[in-house]
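Q: One structure coming up, written as structure tokens, with questions to follow.
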Amino acid sequence: MAKISIRNLNLFYKNFQALKNINLDVTENEILGIIGPANSGKSSLLRAINRLIELDGATITGEILLDGKNIMELPINDLRRRIGLIFAIPIVLPGSIYKNLTYGPKLHKKLSRRELDDIVYRALNAANLWDEVKDRLKDSAATLSGGQQQRLCIARTLAMEPEVIMMDEPCSGLDPISTAKIEATMLELKKRYTFILVTNNTKQAARVADKTAFFLSGELIEIDRTEKLFTSPREKRTNDYISGRFG
Amino acid sequence: MTFRVGPRTNQIIAYTALLIMTVITIFVLFFIIGFILKNGLGQVSLKFLTERTTDMGKAGGIFPSILGTLFVTLLAIIIAAPIGVGSAVYLVEYTKAGFVRRIISFGADCLNGVPSIIFGLFGFIFFVITLNFGWSVLSGGLTLAVMILPTIIRTSEEAIKTVPRAYREISYSLGGGKLDTILKVVLPTALPGILTGVILGIGRAIGETAAVIFTAGSSLGLPTSIFSSTRTLAVHFYILAREGISMPKAYATATVLIIIILLINFIAYRLVHRFIARYY
């Protein structure tokens, strides 16, 4: 069974329809890459899945299912704990590295100092950041470099022990080395998590995604195994996009 | 015919003009403080600070007035700060940007511009007479609270508005509720700005005469409860000077008042910076 199923999803911002009748499945322990030019509805899809679009006053029709259950029927805090979202620009909360990581877990459970230490260690370790910051956990998170901040954001999501991790262009502001580190982290983590990776960088999708979906103007044009989509796409528009003819 | 100068000369003229303006501002500030300190500092002694006032202020110290100022200001801040910050949170987080919020902000700005004597008159009629609190620390504190409330609301509102939307989204996406987000992310981030508003409020309250002379009264007795009438430092100074009781004592009182205000500003400034250093 699919981890996340999206059925006939339409999404509206006032008079603008950002997503048009989307149907797709996300398989457990896989990375689904989503590519497409700006304003194709990629970010809206992620924000719909963890219901962040409600802050924007957007409305949806259709269904989003997590493990077969409609997300609108799940408690919202629980849904957001289970589906983490990592933003394009790494934004650390004011406060120390340690505080950034414990903010989420502390909202959901009362935890002892020891349990918190353990969560921090495991999250940083999984995000490949522990060795770089272990001696400065009490330092302000803003003192980290851009790539480190993005890995801290990933660790912050991991600390919630989510089931699905959604990333919205997580490497758009990073240098190739930081990007490689984050991609390595993803490939390592997909054994335990399910990923949805929105990216402007088609090569990144080709490198890490198991399946890739191509979005254009709010429509899902094509979804297929990554090798298939990049080598012999069914749609001409997909081929045009991945070969750089537009977008 | 127009008078033309080269860009370099232009720069020099602009630079000189701006420099002169800055120097004037700083000079005026230091001149006032220096003038008061020069005339007053010699009169200030431990005895002056700790003794009770005698002979209408011609002799003795200003201990009752120091206490009175402290009580009235403290009461005003204890009342105004939570209400002000609470209103600001409500305005920014719970109302939609639009007509209502604009009306309230506009109202607060107007209240900010109302002369303090109007607040004094209001306090006298409402707190002193209608509610029958009499001339007291309570009436004075409440009046000052009403007076500084708009300042605190407006500065807190601006501070809360500058908290990036992304912080809120992160908090929500980590499963935080609205209240968690406000208490644990928005308010700590806005705290330096909020504190600035509170400090401005303290500054206004502590130096206020018109609003307290009608409401806290001008008794020279030691304030023992919130229903005691008291004379704040600013009022004491005003009466000493206005009625020609003793100019040296007036300067000494003003000196103490200035030093207290400078101290509060200094401490608050340090606190804010220490907070920023720790959290950013």
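Residue numbers start at 1 in each chain; chains themselves are named A, B, ... in the order of the structure tokens; ligands are numbered from 1 in the order shown.
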Considering only strand (DSSP E or B) as DSSP defines it on the backbone, what residues of region 12-237 of chain A qualify? List them as number ranges by chain.
A: A: 12-13, 16-26, 31-35, 59-66, 69-70, 83-86, 96, 140, 164-168, 194-198, 211-216, 219-225
Q: I need the contact residues of chain B against chain A, so if you could list those with any atom within 9 Å, counting only C-alpha atoms, and return them as a PDB file with N, CA and C atoms, in the first residue's frame, that would help.
A:
ATOM      1  N   ALA B 166       8.380  32.904   8.330  1.00  0.00           N
ATOM      2  CA  ALA B 166       8.992  31.584   8.213  1.00  0.00           C
ATOM      3  C   ALA B 166       9.144  30.927   9.594  1.00  0.00           C
ATOM      4  N   TYR B 167       9.450  31.720  10.633  1.00  0.00           N
ATOM      5  CA  TYR B 167       9.579  31.142  11.979  1.00  0.00           C
ATOM      6  C   TYR B 167       8.271  30.470  12.391  1.00  0.00           C
ATOM      7  N   GLU B 169       5.940  29.366  10.381  1.00  0.00           N
ATOM      8  CA  GLU B 169       5.678  28.184   9.558  1.00  0.00           C
ATOM      9  C   GLU B 169       6.485  26.994  10.062  1.00  0.00           C
ATOM     10  N   ILE B 170       7.737  27.254  10.469  1.00  0.00           N
ATOM     11  CA  ILE B 170       8.559  26.163  10.979  1.00  0.00           C
ATOM     12  C   ILE B 170       7.937  25.589  12.242  1.00  0.00           C
ATOM     13  N   SER B 171       7.512  26.487  13.120  1.00  0.00           N
ATOM     14  CA  SER B 171       6.896  26.012  14.348  1.00  0.00           C
ATOM     15  C   SER B 171       5.656  25.172  14.049  1.00  0.00           C
ATOM     16  N   TYR B 172       4.820  25.645  13.140  1.00  0.00           N
ATOM     17  CA  TYR B 172       3.629  24.866  12.780  1.00  0.00           C
ATOM     18  C   TYR B 172       4.017  23.542  12.145  1.00  0.00           C
ATOM     19  N   SER B 173       5.025  23.578  11.260  1.00  0.00           N
ATOM     20  CA  SER B 173       5.366  22.352  10.546  1.00  0.00           C
ATOM     21  C   SER B 173       6.035  21.337  11.473  1.00  0.00           C
ATOM     22  N   LEU B 174       6.486  21.795  12.653  1.00  0.00           N
ATOM     23  CA  LEU B 174       6.999  20.842  13.632  1.00  0.00           C
ATOM     24  C   LEU B 174       5.882  20.374  14.557  1.00  0.00           C
ATOM     25  N   GLY B 175       4.666  20.748  14.215  1.00  0.00           N
ATOM     26  CA  GLY B 175       3.533  20.279  15.005  1.00  0.00           C
ATOM     27  C   GLY B 175       3.156  21.199  16.153  1.00  0.00           C
ATOM     28  N   GLY B 176       3.658  22.426  16.137  1.00  0.00           N
ATOM     29  CA  GLY B 176       3.307  23.374  17.184  1.00  0.00           C
ATOM     30  C   GLY B 176       1.925  23.954  16.942  1.00  0.00           C
ATOM     31  N   GLY B 177       1.224  24.236  18.026  1.00  0.00           N
ATOM     32  CA  GLY B 177      -0.062  24.915  17.913  1.00  0.00           C
ATOM     33  C   GLY B 177       0.154  26.412  17.865  1.00  0.00           C
ATOM     34  N   ASP B 180       1.647  27.639  21.281  1.00  0.00           N
ATOM     35  CA  ASP B 180       3.064  27.250  21.385  1.00  0.00           C
ATOM     36  C   ASP B 180       3.915  28.199  20.571  1.00  0.00           C
ATOM     37  N   LYS B 184       6.595  30.400  22.423  1.00  0.00           N
ATOM     38  CA  LYS B 184       7.959  29.876  22.392  1.00  0.00           C
ATOM     39  C   LYS B 184       8.794  30.390  21.226  1.00  0.00           C
ATOM     40  N   VAL B 185       8.128  30.917  20.207  1.00  0.00           N
ATOM     41  CA  VAL B 185       8.905  31.395  19.062  1.00  0.00           C
ATOM     42  C   VAL B 185       8.715  32.897  18.847  1.00  0.00           C
ATOM     43  N   PRO B 188       9.704  35.301  22.277  1.00  0.00           N
ATOM     44  CA  PRO B 188      11.149  35.418  22.534  1.00  0.00           C
ATOM     45  C   PRO B 188      11.872  36.182  21.423  1.00  0.00           C
ATOM     46  N   THR B 189      11.448  35.996  20.189  1.00  0.00           N
ATOM     47  CA  THR B 189      12.107  36.697  19.088  1.00  0.00           C
ATOM     48  C   THR B 189      11.816  38.193  19.149  1.00  0.00           C
ATOM     49  N   ALA B 277      22.736  38.474  22.534  1.00  0.00           N
ATOM     50  CA  ALA B 277      23.976  37.719  22.404  1.00  0.00           C
ATOM     51  C   ALA B 277      23.735  36.242  22.678  1.00  0.00           C
ATOM     52  N   ARG B 278      22.828  35.963  23.607  1.00  0.00           N
ATOM     53  CA  ARG B 278      22.607  34.569  23.955  1.00  0.00           C
ATOM     54  C   ARG B 278      21.775  33.843  22.905  1.00  0.00           C
ATOM     55  N   TYR B 279      20.842  34.558  22.289  1.00  0.00           N
ATOM     56  CA  TYR B 279      19.873  33.850  21.451  1.00  0.00           C
ATOM     57  C   TYR B 279      20.088  33.996  19.960  1.00  0.00           C
ATOM     58  N   TYR B 280      20.970  34.874  19.542  1.00  0.00           N
ATOM     59  CA  TYR B 280      21.100  35.032  18.090  1.00  0.00           C
ATOM     60  C   TYR B 280      22.472  34.613  17.588  1.00  0.00           C
TER      61      TYR B 280
END
Q: So that I can see what lies close to Gly201 (chain B), please list as a list in words the residues with an atom at most 8 Å from it, counting only C-alpha atoms and leaving out residues fewer than 2 positions away in the same chain.
A: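 Within the cut-off, the hits are Ile77, Ile148, Leu149, Thr151, Ile152, Gly197, Val198, Ile199, Gly203, Arg204 and Ala205 of chain B.
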Q: Residues within 10 Å of Ile153 (chain B), please, as a PyMOL selection string. Count only C-alpha atoms; anything in the same chain fewer than 6 positions from it doesn't count.
A: chain B and resi 80-89+91+104-105+108-109+159+194+197-198
Q: What residues in region 33-195 of chain A get the DSSP label alpha helix (DSSP H)? Please answer as a PyMOL selection string.
A: chain A and resi 42-49+76-82+97-108+113-126+130-133+146-158+176-189
Q: List the neighbours of Leu32 (chain A) out to 8 Å using only C-alpha atoms; skip same-chain residues closer than 6 positions along the sequence, and give me the result as a PDB file with all heavy atoms, in the first residue's frame.
A:
ATOM      1  N   VAL A  26       2.818   7.786  -3.252  1.00  0.00           N
ATOM      2  CA  VAL A  26       4.204   7.808  -2.793  1.00  0.00           C
ATOM      3  C   VAL A  26       4.439   6.495  -2.060  1.00  0.00           C
ATOM      4  O   VAL A  26       3.736   6.174  -1.105  1.00  0.00           O
ATOM      5  CB  VAL A  26       4.467   8.988  -1.847  1.00  0.00           C
ATOM      6  CG1 VAL A  26       5.952   9.100  -1.535  1.00  0.00           C
ATOM      7  CG2 VAL A  26       3.957  10.292  -2.452  1.00  0.00           C
ATOM      8  N   PHE A 195      10.503   9.754   1.324  1.00  0.00           N
ATOM      9  CA  PHE A 195      10.858  11.129   0.977  1.00  0.00           C
ATOM     10  C   PHE A 195      10.039  11.666  -0.195  1.00  0.00           C
ATOM     11  O   PHE A 195       9.747  10.922  -1.142  1.00  0.00           O
ATOM     12  CB  PHE A 195      12.327  11.206   0.548  1.00  0.00           C
ATOM     13  CG  PHE A 195      13.289  11.284   1.683  1.00  0.00           C
ATOM     14  CD1 PHE A 195      13.848  10.135   2.223  1.00  0.00           C
ATOM     15  CD2 PHE A 195      13.642  12.514   2.217  1.00  0.00           C
ATOM     16  CE1 PHE A 195      14.737  10.207   3.271  1.00  0.00           C
ATOM     17  CE2 PHE A 195      14.539  12.589   3.270  1.00  0.00           C
ATOM     18  CZ  PHE A 195      15.084  11.430   3.795  1.00  0.00           C
ATOM     19  N   ILE A 196       9.719  12.946  -0.123  1.00  0.00           N
ATOM     20  CA  ILE A 196       9.239  13.645  -1.302  1.00  0.00           C
ATOM     21  C   ILE A 196      10.198  14.821  -1.502  1.00  0.00           C
ATOM     22  O   ILE A 196      10.367  15.647  -0.595  1.00  0.00           O
ATOM     23  CB  ILE A 196       7.805  14.190  -1.128  1.00  0.00           C
ATOM     24  CG1 ILE A 196       6.853  13.057  -0.741  1.00  0.00           C
ATOM     25  CG2 ILE A 196       7.336  14.863  -2.418  1.00  0.00           C
ATOM     26  CD1 ILE A 196       5.430  13.523  -0.491  1.00  0.00           C
ATOM     27  N   LEU A 197      10.843  14.844  -2.641  1.00  0.00           N
ATOM     28  CA  LEU A 197      11.868  15.854  -2.873  1.00  0.00           C
ATOM     29  C   LEU A 197      11.463  16.736  -4.048  1.00  0.00           C
ATOM     30  O   LEU A 197      11.422  16.284  -5.188  1.00  0.00           O
ATOM     31  CB  LEU A 197      13.201  15.161  -3.177  1.00  0.00           C
ATOM     32  CG  LEU A 197      14.324  16.036  -3.725  1.00  0.00           C
ATOM     33  CD1 LEU A 197      14.833  16.991  -2.656  1.00  0.00           C
ATOM     34  CD2 LEU A 197      15.469  15.178  -4.251  1.00  0.00           C
ATOM     35  N   ALA A 209      16.319  10.217  -6.846  1.00  0.00           N
ATOM     36  CA  ALA A 209      14.930   9.790  -6.745  1.00  0.00           C
ATOM     37  C   ALA A 209      14.706   8.396  -7.319  1.00  0.00           C
ATOM     38  O   ALA A 209      15.347   8.008  -8.289  1.00  0.00           O
ATOM     39  CB  ALA A 209      14.025  10.790  -7.457  1.00  0.00           C
ATOM     40  N   ASP A 210      13.789   7.639  -6.671  1.00  0.00           N
ATOM     41  CA  ASP A 210      13.381   6.352  -7.223  1.00  0.00           C
ATOM     42  C   ASP A 210      12.349   6.572  -8.318  1.00  0.00           C
ATOM     43  O   ASP A 210      12.409   5.975  -9.367  1.00  0.00           O
ATOM     44  CB  ASP A 210      12.790   5.468  -6.122  1.00  0.00           C
ATOM     45  CG  ASP A 210      13.832   5.122  -5.077  1.00  0.00           C
ATOM     46  OD1 ASP A 210      14.736   4.339  -5.393  1.00  0.00           O
ATOM     47  OD2 ASP A 210      13.753   5.681  -3.955  1.00  0.00           O
ATOM     48  N   LYS A 211      11.378   7.428  -8.006  1.00  0.00           N
ATOM     49  CA  LYS A 211      10.399   7.812  -9.000  1.00  0.00           C
ATOM     50  C   LYS A 211      10.478   9.319  -9.171  1.00  0.00           C
ATOM     51  O   LYS A 211      10.856  10.039  -8.248  1.00  0.00           O
ATOM     52  CB  LYS A 211       8.990   7.465  -8.512  1.00  0.00           C
ATOM     53  CG  LYS A 211       8.583   6.043  -8.794  1.00  0.00           C
ATOM     54  CD  LYS A 211       7.091   5.899  -8.524  1.00  0.00           C
ATOM     55  CE  LYS A 211       6.722   4.469  -8.227  1.00  0.00           C
ATOM     56  NZ  LYS A 211       5.791   4.384  -7.091  1.00  0.00           N
ATOM     57  N   THR A 212      10.105   9.794 -10.346  1.00  0.00           N
ATOM     58  CA  THR A 212      10.097  11.231 -10.557  1.00  0.00           C
ATOM     59  C   THR A 212       8.767  11.630 -11.186  1.00  0.00           C
ATOM     60  O   THR A 212       8.250  10.928 -12.058  1.00  0.00           O
ATOM     61  CB  THR A 212      11.264  11.668 -11.450  1.00  0.00           C
ATOM     62  OG1 THR A 212      12.486  11.309 -10.817  1.00  0.00           O
ATOM     63  CG2 THR A 212      11.255  13.179 -11.676  1.00  0.00           C
ATOM     64  N   ALA A 213       8.242  12.758 -10.692  1.00  0.00           N
ATOM     65  CA  ALA A 213       7.005  13.293 -11.251  1.00  0.00           C
ATOM     66  C   ALA A 213       7.316  14.637 -11.880  1.00  0.00           C
ATOM     67  O   ALA A 213       8.081  15.421 -11.327  1.00  0.00           O
ATOM     68  CB  ALA A 213       5.957  13.450 -10.157  1.00  0.00           C
TER      69      ALA A 213
END
Q: Give me the residues within 10 Å of region 117-130 of chain B as JSON, numbers by chain, counting only C-alpha atoms and dropping any in the same chain fewer than 5 places off.
A: {"B": [111, 135, 136, 138, 139, 140, 141, 142, 143, 144, 146, 147, 208, 209, 210, 211, 212, 213, 214, 215, 216, 217]}
Q: Could you dump the residues just selected with N, CA and C atoms as a PDB file, in the first residue's frame?
A:
ATOM      1  N   LEU B 111      -3.716  58.456  21.098  1.00  0.00           N
ATOM      2  CA  LEU B 111      -3.555  58.507  22.553  1.00  0.00           C
ATOM      3  C   LEU B 111      -2.132  58.893  22.927  1.00  0.00           C
ATOM      4  N   TRP B 135      -6.212  60.575  46.399  1.00  0.00           N
ATOM      5  CA  TRP B 135      -4.853  60.813  45.912  1.00  0.00           C
ATOM      6  C   TRP B 135      -3.984  59.697  46.456  1.00  0.00           C
ATOM      7  N   SER B 136      -3.504  58.845  45.594  1.00  0.00           N
ATOM      8  CA  SER B 136      -2.806  57.669  46.101  1.00  0.00           C
ATOM      9  C   SER B 136      -1.868  57.086  45.062  1.00  0.00           C
ATOM     10  N   LEU B 138      -2.069  54.180  44.084  1.00  0.00           N
ATOM     11  CA  LEU B 138      -2.931  53.416  43.191  1.00  0.00           C
ATOM     12  C   LEU B 138      -3.459  54.279  42.043  1.00  0.00           C
ATOM     13  N   SER B 139      -4.033  55.442  42.388  1.00  0.00           N
ATOM     14  CA  SER B 139      -4.564  56.317  41.334  1.00  0.00           C
ATOM     15  C   SER B 139      -3.465  56.752  40.381  1.00  0.00           C
ATOM     16  N   GLY B 140      -2.297  57.139  40.958  1.00  0.00           N
ATOM     17  CA  GLY B 140      -1.177  57.588  40.127  1.00  0.00           C
ATOM     18  C   GLY B 140      -0.709  56.486  39.200  1.00  0.00           C
ATOM     19  N   GLY B 141      -0.549  55.277  39.781  1.00  0.00           N
ATOM     20  CA  GLY B 141      -0.070  54.146  38.988  1.00  0.00           C
ATOM     21  C   GLY B 141      -1.025  53.811  37.860  1.00  0.00           C
ATOM     22  N   LEU B 142      -2.326  53.794  38.164  1.00  0.00           N
ATOM     23  CA  LEU B 142      -3.322  53.471  37.139  1.00  0.00           C
ATOM     24  C   LEU B 142      -3.306  54.519  36.028  1.00  0.00           C
ATOM     25  N   THR B 143      -3.231  55.785  36.416  1.00  0.00           N
ATOM     26  CA  THR B 143      -3.222  56.854  35.413  1.00  0.00           C
ATOM     27  C   THR B 143      -2.012  56.728  34.500  1.00  0.00           C
ATOM     28  N   LEU B 144      -0.841  56.498  35.111  1.00  0.00           N
ATOM     29  CA  LEU B 144       0.365  56.341  34.292  1.00  0.00           C
ATOM     30  C   LEU B 144       0.258  55.107  33.412  1.00  0.00           C
ATOM     31  N   VAL B 146      -2.439  53.869  32.076  1.00  0.00           N
ATOM     32  CA  VAL B 146      -3.267  54.243  30.927  1.00  0.00           C
ATOM     33  C   VAL B 146      -2.456  55.095  29.951  1.00  0.00           C
ATOM     34  N   MET B 147      -1.625  55.965  30.509  1.00  0.00           N
ATOM     35  CA  MET B 147      -0.864  56.887  29.668  1.00  0.00           C
ATOM     36  C   MET B 147       0.196  56.164  28.826  1.00  0.00           C
ATOM     37  N   GLU B 208       7.159  61.874  34.725  1.00  0.00           N
ATOM     38  CA  GLU B 208       5.882  62.547  34.534  1.00  0.00           C
ATOM     39  C   GLU B 208       5.493  63.402  35.744  1.00  0.00           C
ATOM     40  N   THR B 209       5.023  64.615  35.479  1.00  0.00           N
ATOM     41  CA  THR B 209       4.515  65.433  36.581  1.00  0.00           C
ATOM     42  C   THR B 209       3.012  65.647  36.462  1.00  0.00           C
ATOM     43  N   ALA B 210       2.584  66.162  35.316  1.00  0.00           N
ATOM     44  CA  ALA B 210       1.197  66.601  35.177  1.00  0.00           C
ATOM     45  C   ALA B 210       0.205  65.483  35.489  1.00  0.00           C
ATOM     46  N   ALA B 211       0.503  64.276  35.037  1.00  0.00           N
ATOM     47  CA  ALA B 211      -0.459  63.201  35.223  1.00  0.00           C
ATOM     48  C   ALA B 211      -0.492  62.696  36.659  1.00  0.00           C
ATOM     49  N   VAL B 212       0.621  62.854  37.405  1.00  0.00           N
ATOM     50  CA  VAL B 212       0.626  62.314  38.762  1.00  0.00           C
ATOM     51  C   VAL B 212       0.274  63.338  39.827  1.00  0.00           C
ATOM     52  N   ILE B 213       0.512  64.611  39.526  1.00  0.00           N
ATOM     53  CA  ILE B 213       0.252  65.622  40.556  1.00  0.00           C
ATOM     54  C   ILE B 213      -1.235  65.643  40.920  1.00  0.00           C
ATOM     55  N   PHE B 214      -2.100  65.336  39.925  1.00  0.00           N
ATOM     56  CA  PHE B 214      -3.548  65.294  40.164  1.00  0.00           C
ATOM     57  C   PHE B 214      -4.022  63.983  40.759  1.00  0.00           C
ATOM     58  N   THR B 215      -3.180  62.940  40.630  1.00  0.00           N
ATOM     59  CA  THR B 215      -3.692  61.612  40.980  1.00  0.00           C
ATOM     60  C   THR B 215      -2.968  60.970  42.162  1.00  0.00           C
ATOM     61  N   ALA B 216      -1.646  61.184  42.244  1.00  0.00           N
ATOM     62  CA  ALA B 216      -0.924  60.623  43.393  1.00  0.00           C
ATOM     63  C   ALA B 216      -0.823  61.657  44.505  1.00  0.00           C
ATOM     64  N   GLY B 217      -1.100  62.898  44.162  1.00  0.00           N
ATOM     65  CA  GLY B 217      -1.059  63.955  45.154  1.00  0.00           C
ATOM     66  C   GLY B 217       0.344  64.487  45.369  1.00  0.00           C
TER      67      GLY B 217
END
Q: Mind pulling up the distance from CA of Val208 (chain A) to CA of Glu169 (chain A)?
A: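 CA of Val208 (chain A) lies at a distance of 13.2 Å from CA of Glu169 (chain A).
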Q: So what do you get for CA of Phe214 (chain A) versus CA of Ile35 (chain A), distance-wise?
A: 5.0 Å
Q: Skip Gly173 (chain A) itself and residues of its chain fewer than 4 positions away, then list as a PyMOL selection string all residues within 12 Å of it, counting only C-alpha atoms.
A: chain A and resi 87-91+145-150+168-169+177-179+199-201
Q: One decimal, in Å: what's the spacing between CA of Tyr238 (chain B) and CA of Leu29 (chain B)?
A: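 Value for the CA of Tyr238 (chain B)-CA of Leu29 (chain B) distance: 20.3 Å.
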Q: My list of candidates is B:Phe275, B:Tyr251, B:Phe48, B:Phe27. Which is closest to Leu191 (chain B) when distances are computed with only C-alpha atoms?
A: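 Ranking B:Phe275, B:Tyr251, B:Phe48, B:Phe27 by distance to Leu191 (chain B), first place goes to B:Phe275.
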Q: Between B:Ile182, B:Ala14, B:Leu74, B:Val23, which has the minimum distance to Val92 (chain B) (counting only C-alpha atoms)?
A: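 Of B:Ile182, B:Ala14, B:Leu74, B:Val23, the one nearest Val92 (chain B) is B:Ile182, counting only C-alpha atoms.
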